[in-house]
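Asks: The following block contains the structure, expressed as structure tokens.
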Amino acid sequence: MTRRPNSVILAAIIVTLACLGGGCGGAAHGERATGLGAVRWRWRPPPPASVGMPAADSDGVVVTFSHVFVVSLAPDGTERWRARRLGVREESPLLTPELAIVPADDGVVAFERATGRVRWDARLGGNVEAPDPDDAASTPVLAGGSVVTCLSGGALVALDAGSGGVQWRAPLAGRADGPPVTNGRTVVATWDPEHGEDAGIAAFDAAGGARRWIASLRGGAVSAPALVDTDDGHTLAVAVDHDLAAKAFDIDDGRRVWATAVGGAGSPEVPPLALGHGRTLVADRVGGLTLLDARGHRRWSTRVPAAAVQGGPVGPMAGGVYALPLYDGKVLLAGPGHATAVFEAPGGLVSGVAVGPGGTLLVSSAQGRDNQLLAFSGGADP
């Protein structure tokens, strides 16, 4: 299981009584109401198995359950296949038209989307019998012909997308529990040491793994990065650190372009969400969402009394609404011009969210008696 920082425990239990009935927050004057919408379909694993964080595209949904199984679902929630592989993680898979590439406790495994057959299984740890927690892989990204993942102990690894063979490995100077990000040519990753404040962000050549630049972040609470394209042709790498600020770096040379206070620190599994025209939606670990423009100016923000440490924001859905899973087992829905609301999904605690086929909001649950994956019509005007 992924390490959860002790500093979020207090924030995670501060949930107002108004939220206990299934939602909190109300529409201010001129704001539209926000809701999960109707349930379009639901899928249940064999009880009491927990469901991992879903991944979705127009062809369907892939999700893990019970740390053992991978399941492929059609856009209407019908199960296509399930495959067994001990140690698959709860983090979201990477989907391509041909493959579902799933992070595991000891590496990465690729399943064929059509059949569920294993295409390749890359064991990246040194002990197959008892995987080292430092060998746990993050959600991978696709960079050209390479699949790139972070290993928790502090490494960035590129695998051949066709065979799973290791192409290159680059060390990182601290823990890397969150995913990397790429534009196909450059891969960017962050890390956070277990002791001290010397965290960082660095860019690597996707083809060969050579490091292009490195920049400092304040350690103790660092998010995974996002890449944001601006209208003037630049690309920014954005991350949140223990300065309680979002910081943007030019992807070409690592120069810091701006830093903006957001009211909370980062979390490794909660990357910002890149939007169009240089905008970034930043989630912090104490329940805040902040929309920043290409210059780092705040355009909108909201906050609820909870913690966010597993899964970044997703969206937009209908009307410009975004969703964020919360540590207290609920999901935050909010957006510019919409009321902020917190909802509890049926079954168990919310383990992950994603935007599914047809603009549905996928919500998975864990640690309950009736864990499930639900597709809601999603987002606004319930």
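Each chain in the structure tokens gets a letter, A, B, ..., in the order shown, and its residues are numbered from 1; ligands are numbered from 1 in order too.
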Can you tell me, as a ChimeraX atom specification, what residues are no more than 6 Å from range 174-177 of chain A when counting only C-alpha atoms, ignoring any on the same chain fewer than 3 positions away?

Replies: /A:152-154,191-193,268

Asks: Quick check for you: according to DSSP on this backbone, which residues of range 63-307 of chain A are classed as strand (DSSP E or B)? Reply as a ChimeraX atom specification.

Replies: /A:63-65,69-73,79-84,88,94-95,99-104,107-112,118-123,137,141-143,146-151,155-160,166-171,175,181-182,186-192,198-205,211-218,226-229,235-241,245-250,256-261,273-274,280-284,288-292,298-303

Asks: Using only C-alpha atoms, find each residue of range 194-300 of chain A with at least one atom at most 12 Å away from an atom of range 322-335 of chain A; report its shortest atom-to-atom pair and that distance in Å (one decimal), sort the rows by chain and rising residue number, and return the result as a Markdown table.

Replies:
```
| residue | atom | partner | partner_atom | distance |
| --- | --- | --- | --- | --- |
| A:Ser267 | CA | A:Tyr327 | CA | 11.6 |
| A:Glu269 | CA | A:Pro325 | CA | 11.2 |
| A:Val270 | CA | A:Leu324 | CA | 9.3 |
| A:Pro271 | CA | A:Leu324 | CA | 11.1 |
| A:Pro272 | CA | A:Leu324 | CA | 10.9 |
| A:Leu273 | CA | A:Tyr322 | CA | 10.0 |
| A:Leu275 | CA | A:Tyr322 | CA | 11.5 |
| A:Leu281 | CA | A:Tyr322 | CA | 9.2 |
| A:Val282 | CA | A:Leu324 | CA | 10.5 |
| A:Ala283 | CA | A:Leu324 | CA | 8.0 |
| A:Asp284 | CA | A:Leu324 | CA | 10.4 |
| A:Arg285 | CA | A:Leu326 | CA | 9.0 |
| A:Val286 | CA | A:Leu326 | CA | 9.2 |
| A:Gly287 | CA | A:Leu326 | CA | 7.3 |
| A:Gly288 | CA | A:Leu324 | CA | 9.5 |
| A:Leu289 | CA | A:Ala334 | CA | 8.4 |
| A:Thr290 | CA | A:Gly335 | CA | 9.7 |
| A:Leu291 | CA | A:Gly335 | CA | 9.1 |
| A:Arg299 | CA | A:Gly335 | CA | 11.0 |
| A:Trp300 | CA | A:Gly335 | CA | 8.1 |
```

Asks: Under the rule that only C-alpha atoms are counted, which of A:Ala130, A:Ala339, A:Ala137, A:Ala318 is the nearest residue to Arg303 in chain A?

Replies: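 The shortest atom-to-atom distance to Arg303 in chain A comes from A:Ala339.
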
Asks: Name the residues in contact with range 92-98 of chain A at a cut-off of 10 Å, using only C-alpha atoms, excluding same-chain residues fewer than 2 positions from it; report them as a PDB file with N, CA and C atoms, in the first residue's frame.

Replies:
```
ATOM      1  N   GLY A  52      -9.726  -0.202  -7.083  1.00  0.00           N
ATOM      2  CA  GLY A  52      -8.681   0.796  -7.227  1.00  0.00           C
ATOM      3  C   GLY A  52      -9.142   2.020  -7.991  1.00  0.00           C
ATOM      4  N   MET A  53      -8.188   2.857  -8.360  1.00  0.00           N
ATOM      5  CA  MET A  53      -8.471   4.101  -9.079  1.00  0.00           C
ATOM      6  C   MET A  53      -8.711   3.785 -10.555  1.00  0.00           C
ATOM      7  N   PRO A  54      -9.828   4.203 -11.116  1.00  0.00           N
ATOM      8  CA  PRO A  54     -10.137   3.836 -12.505  1.00  0.00           C
ATOM      9  C   PRO A  54      -9.366   4.669 -13.521  1.00  0.00           C
ATOM     10  N   ALA A  55      -9.193   4.088 -14.705  1.00  0.00           N
ATOM     11  CA  ALA A  55      -8.701   4.805 -15.878  1.00  0.00           C
ATOM     12  C   ALA A  55      -9.699   4.584 -17.000  1.00  0.00           C
ATOM     13  N   ALA A  56      -9.935   5.611 -17.809  1.00  0.00           N
ATOM     14  CA  ALA A  56     -10.984   5.508 -18.825  1.00  0.00           C
ATOM     15  C   ALA A  56     -10.600   6.273 -20.078  1.00  0.00           C
ATOM     16  N   ASP A  57     -11.119   5.791 -21.205  1.00  0.00           N
ATOM     17  CA  ASP A  57     -11.070   6.523 -22.464  1.00  0.00           C
ATOM     18  C   ASP A  57     -12.361   6.218 -23.211  1.00  0.00           C
ATOM     19  N   SER A  58     -12.446   6.593 -24.474  1.00  0.00           N
ATOM     20  CA  SER A  58     -13.693   6.406 -25.212  1.00  0.00           C
ATOM     21  C   SER A  58     -14.036   4.937 -25.422  1.00  0.00           C
ATOM     22  N   ASP A  59     -13.050   4.039 -25.280  1.00  0.00           N
ATOM     23  CA  ASP A  59     -13.284   2.618 -25.511  1.00  0.00           C
ATOM     24  C   ASP A  59     -13.686   1.865 -24.250  1.00  0.00           C
ATOM     25  N   GLY A  60     -13.623   2.509 -23.087  1.00  0.00           N
ATOM     26  CA  GLY A  60     -14.033   1.815 -21.889  1.00  0.00           C
ATOM     27  C   GLY A  60     -13.220   2.189 -20.674  1.00  0.00           C
ATOM     28  N   VAL A  61     -13.255   1.311 -19.660  1.00  0.00           N
ATOM     29  CA  VAL A  61     -12.677   1.564 -18.349  1.00  0.00           C
ATOM     30  C   VAL A  61     -11.841   0.359 -17.942  1.00  0.00           C
ATOM     31  N   VAL A  62     -10.703   0.621 -17.307  1.00  0.00           N
ATOM     32  CA  VAL A  62      -9.881  -0.440 -16.728  1.00  0.00           C
ATOM     33  C   VAL A  62      -9.609  -0.075 -15.277  1.00  0.00           C
ATOM     34  N   VAL A  63      -9.725  -1.074 -14.393  1.00  0.00           N
ATOM     35  CA  VAL A  63      -9.560  -0.837 -12.967  1.00  0.00           C
ATOM     36  C   VAL A  63      -9.030  -2.113 -12.326  1.00  0.00           C
ATOM     37  N   THR A  64      -8.346  -1.967 -11.201  1.00  0.00           N
ATOM     38  CA  THR A  64      -7.889  -3.132 -10.452  1.00  0.00           C
ATOM     39  C   THR A  64      -8.781  -3.343  -9.236  1.00  0.00           C
ATOM     40  N   VAL A  70      -7.201  -7.366 -12.549  1.00  0.00           N
ATOM     41  CA  VAL A  70      -7.406  -6.247 -13.471  1.00  0.00           C
ATOM     42  C   VAL A  70      -8.668  -6.546 -14.263  1.00  0.00           C
ATOM     43  N   VAL A  88      -0.813  -6.074  -8.397  1.00  0.00           N
ATOM     44  CA  VAL A  88      -1.220  -4.871  -9.121  1.00  0.00           C
ATOM     45  C   VAL A  88      -1.688  -3.826  -8.104  1.00  0.00           C
ATOM     46  N   ARG A  89      -1.368  -2.586  -8.354  1.00  0.00           N
ATOM     47  CA  ARG A  89      -1.606  -1.524  -7.383  1.00  0.00           C
ATOM     48  C   ARG A  89      -2.979  -0.888  -7.580  1.00  0.00           C
ATOM     49  N   GLU A  90      -3.381  -0.075  -6.614  1.00  0.00           N
ATOM     50  CA  GLU A  90      -4.651   0.630  -6.681  1.00  0.00           C
ATOM     51  C   GLU A  90      -4.572   1.871  -7.554  1.00  0.00           C
ATOM     52  N   ALA A 100      -3.511  -1.974 -21.764  1.00  0.00           N
ATOM     53  CA  ALA A 100      -3.749  -1.425 -20.433  1.00  0.00           C
ATOM     54  C   ALA A 100      -2.486  -1.711 -19.635  1.00  0.00           C
ATOM     55  N   ILE A 101      -1.746  -0.668 -19.261  1.00  0.00           N
ATOM     56  CA  ILE A 101      -0.433  -0.810 -18.644  1.00  0.00           C
ATOM     57  C   ILE A 101      -0.578  -0.463 -17.168  1.00  0.00           C
ATOM     58  N   VAL A 102      -0.385  -1.463 -16.315  1.00  0.00           N
ATOM     59  CA  VAL A 102      -0.808  -1.389 -14.925  1.00  0.00           C
ATOM     60  C   VAL A 102       0.400  -1.359 -13.999  1.00  0.00           C
ATOM     61  N   PRO A 103       0.484  -0.395 -13.080  1.00  0.00           N
ATOM     62  CA  PRO A 103       1.580  -0.395 -12.108  1.00  0.00           C
ATOM     63  C   PRO A 103       1.392  -1.492 -11.074  1.00  0.00           C
ATOM     64  N   ALA A 104       2.520  -2.040 -10.619  1.00  0.00           N
ATOM     65  CA  ALA A 104       2.496  -3.130  -9.649  1.00  0.00           C
ATOM     66  C   ALA A 104       3.501  -2.853  -8.535  1.00  0.00           C
ATOM     67  N   VAL A 108       5.822  -3.186 -13.691  1.00  0.00           N
ATOM     68  CA  VAL A 108       4.731  -2.759 -14.570  1.00  0.00           C
ATOM     69  C   VAL A 108       4.340  -3.948 -15.441  1.00  0.00           C
ATOM     70  N   VAL A 109       3.026  -4.134 -15.656  1.00  0.00           N
ATOM     71  CA  VAL A 109       2.550  -5.228 -16.494  1.00  0.00           C
ATOM     72  C   VAL A 109       1.582  -4.680 -17.535  1.00  0.00           C
ATOM     73  N   ALA A 110       1.704  -5.145 -18.782  1.00  0.00           N
ATOM     74  CA  ALA A 110       0.877  -4.665 -19.891  1.00  0.00           C
ATOM     75  C   ALA A 110      -0.074  -5.772 -20.337  1.00  0.00           C
ATOM     76  N   PHE A 111      -1.375  -5.445 -20.350  1.00  0.00           N
ATOM     77  CA  PHE A 111      -2.414  -6.371 -20.804  1.00  0.00           C
ATOM     78  C   PHE A 111      -2.966  -5.885 -22.136  1.00  0.00           C
ATOM     79  N   GLU A 112      -3.300  -6.817 -23.017  1.00  0.00           N
ATOM     80  CA  GLU A 112      -3.937  -6.445 -24.275  1.00  0.00           C
ATOM     81  C   GLU A 112      -5.361  -5.978 -23.995  1.00  0.00           C
ATOM     82  N   ARG A 113      -5.729  -4.813 -24.525  1.00  0.00           N
ATOM     83  CA  ARG A 113      -7.066  -4.257 -24.274  1.00  0.00           C
ATOM     84  C   ARG A 113      -8.165  -5.179 -24.779  1.00  0.00           C
ATOM     85  N   ALA A 114      -7.931  -5.876 -25.885  1.00  0.00           N
ATOM     86  CA  ALA A 114      -8.991  -6.674 -26.498  1.00  0.00           C
ATOM     87  C   ALA A 114      -9.257  -7.971 -25.749  1.00  0.00           C
ATOM     88  N   THR A 115      -8.212  -8.584 -25.177  1.00  0.00           N
ATOM     89  CA  THR A 115      -8.356  -9.943 -24.652  1.00  0.00           C
ATOM     90  C   THR A 115      -8.013 -10.099 -23.180  1.00  0.00           C
ATOM     91  N   ARG A 119       0.752  -8.986 -22.378  1.00  0.00           N
ATOM     92  CA  ARG A 119       1.697  -8.737 -23.472  1.00  0.00           C
ATOM     93  C   ARG A 119       3.133  -8.788 -22.948  1.00  0.00           C
ATOM     94  N   SER A 138       4.626   3.809 -10.106  1.00  0.00           N
ATOM     95  CA  SER A 138       3.538   4.780 -10.199  1.00  0.00           C
ATOM     96  C   SER A 138       2.741   4.556 -11.482  1.00  0.00           C
ATOM     97  N   THR A 139       1.641   5.273 -11.630  1.00  0.00           N
ATOM     98  CA  THR A 139       0.928   5.283 -12.908  1.00  0.00           C
ATOM     99  C   THR A 139       1.903   5.677 -14.021  1.00  0.00           C
ATOM    100  N   PRO A 140       2.058   4.849 -15.061  1.00  0.00           N
ATOM    101  CA  PRO A 140       3.027   5.167 -16.108  1.00  0.00           C
ATOM    102  C   PRO A 140       2.495   6.245 -17.060  1.00  0.00           C
ATOM    103  N   VAL A 141       3.420   6.786 -17.858  1.00  0.00           N
ATOM    104  CA  VAL A 141       3.080   7.693 -18.953  1.00  0.00           C
ATOM    105  C   VAL A 141       3.738   7.161 -20.220  1.00  0.00           C
ATOM    106  N   LEU A 142       3.192   7.545 -21.370  1.00  0.00           N
ATOM    107  CA  LEU A 142       3.700   7.099 -22.662  1.00  0.00           C
ATOM    108  C   LEU A 142       4.473   8.236 -23.313  1.00  0.00           C
ATOM    109  N   VAL A 147       7.364   3.496 -22.216  1.00  0.00           N
ATOM    110  CA  VAL A 147       6.494   3.616 -21.053  1.00  0.00           C
ATOM    111  C   VAL A 147       7.390   4.019 -19.886  1.00  0.00           C
ATOM    112  N   GLY A 311      -4.931  10.835  -5.714  1.00  0.00           N
ATOM    113  CA  GLY A 311      -5.615  11.154  -6.964  1.00  0.00           C
ATOM    114  C   GLY A 311      -5.837  12.644  -7.121  1.00  0.00           C
ATOM    115  N   GLY A 352     -10.967   6.616  -5.805  1.00  0.00           N
ATOM    116  CA  GLY A 352     -10.494   7.279  -7.007  1.00  0.00           C
ATOM    117  C   GLY A 352     -11.636   7.780  -7.858  1.00  0.00           C
ATOM    118  N   VAL A 353     -11.336   8.751  -8.720  1.00  0.00           N
ATOM    119  CA  VAL A 353     -12.318   9.297  -9.651  1.00  0.00           C
ATOM    120  C   VAL A 353     -11.674   9.434 -11.023  1.00  0.00           C
ATOM    121  N   ALA A 354     -12.498   9.453 -12.050  1.00  0.00           N
ATOM    122  CA  ALA A 354     -12.036   9.658 -13.422  1.00  0.00           C
ATOM    123  C   ALA A 354     -13.216  10.125 -14.254  1.00  0.00           C
TER     124      ALA A 354
END
```

Asks: Measuring between only C-alpha atoms, which one of A:Arg169, A:Arg32, A:Arg80, A:His234 shows the shortest distance to Ala248 in chain A?

Replies: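 Between A:Arg169, A:Arg32, A:Arg80, A:His234, the residue approaching Ala248 in chain A most closely is A:His234.
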
Asks: Looking at A:Pro47, A:Gly347, A:Pro225, A:Gly107, which one is nearest to Asp132 in chain A, with distances taken over only C-alpha atoms?

Replies: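 The answer is A:Gly107, which sits nearest to Asp132 in chain A.
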
Asks: Show which residues sit within 8 Å of Leu227 in chain A, as a PyMOL selection string. Count only C-alpha atoms, and ignore same-chain residues fewer than 3 positions away.

Replies: chain A and resi 181-183+235-238+274

Asks: Name the residues in contact with Ser146 in chain A at a cut-off of 6 Å, using only C-alpha atoms, excluding same-chain residues fewer than 6 positions from it; report them as a compact mmCIF listing (two decimals) with C-alpha atoms, in the first residue's frame.

Replies:
```
# COMPACT_ATOMS: atom_id res chain seq x y z
CA ALA A 158 11.71 3.80 -19.17
CA LEU A 159 10.46 0.56 -20.71
CA ASP A 160 10.01 -0.39 -24.35
CA ALA A 161 6.28 -0.15 -25.02
```

Asks: Compare A:Arg218, A:His338, A:Arg123, A:Arg84 by their minimum atom-to-atom distance to Asp198 in chain A, counting only C-alpha atoms, and give me the closest one.

Replies: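 Distance minimum relative to Asp198 in chain A lands on A:Arg218.
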
Asks: Rounded to one decimal, what separation in Å do you get between CA of Phe249 in chain A and CA of Val314 in chain A?

Replies: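 Computed distance, CA of Phe249 in chain A to CA of Val314 in chain A, equals 22.3 Å.
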
Asks: Skip Arg44 in chain A itself and residues of its chain fewer than 4 positions away, then list as a VMD selection string all residues within 9 Å of it, counting only C-alpha atoms.

Replies: chain A and resid 49 51 370 to 374

Asks: Kindly save the residues from that selection, with N, CA and C atoms included, as a PDB file, in the first residue's frame.

Replies:
```pdb
ATOM      1  N   ALA A  49     -13.857  -7.161  -1.699  1.00  0.00           N
ATOM      2  CA  ALA A  49     -12.702  -6.593  -2.390  1.00  0.00           C
ATOM      3  C   ALA A  49     -12.863  -5.090  -2.606  1.00  0.00           C
ATOM      4  N   VAL A  51     -11.924  -1.577  -4.691  1.00  0.00           N
ATOM      5  CA  VAL A  51     -11.707  -1.204  -6.084  1.00  0.00           C
ATOM      6  C   VAL A  51     -10.658  -0.102  -6.141  1.00  0.00           C
ATOM      7  N   ASP A 370     -19.624  -2.883   0.575  1.00  0.00           N
ATOM      8  CA  ASP A 370     -20.212  -3.030  -0.754  1.00  0.00           C
ATOM      9  C   ASP A 370     -19.444  -2.161  -1.740  1.00  0.00           C
ATOM     10  N   ASN A 371     -18.137  -2.399  -1.833  1.00  0.00           N
ATOM     11  CA  ASN A 371     -17.301  -1.599  -2.722  1.00  0.00           C
ATOM     12  C   ASN A 371     -17.737  -1.788  -4.170  1.00  0.00           C
ATOM     13  N   GLN A 372     -17.594  -0.713  -4.965  1.00  0.00           N
ATOM     14  CA  GLN A 372     -18.093  -0.754  -6.334  1.00  0.00           C
ATOM     15  C   GLN A 372     -17.497   0.371  -7.163  1.00  0.00           C
ATOM     16  N   LEU A 373     -17.729   0.302  -8.437  1.00  0.00           N
ATOM     17  CA  LEU A 373     -17.375   1.365  -9.371  1.00  0.00           C
ATOM     18  C   LEU A 373     -18.669   1.879  -9.980  1.00  0.00           C
ATOM     19  N   LEU A 374     -18.913   3.176  -9.831  1.00  0.00           N
ATOM     20  CA  LEU A 374     -20.145   3.774 -10.327  1.00  0.00           C
ATOM     21  C   LEU A 374     -19.846   4.811 -11.386  1.00  0.00           C
TER      22      LEU A 374
END
```

Asks: Could you give me, as a ChimeraX atom specification, the residues within 12 Å of range 205-213 of chain A, counting only C-alpha atoms and dropping anything in the same chain fewer than 3 positions from it?

Replies: /A:141-149,155-160,166-172,180-189,200-202,216,237,249-256
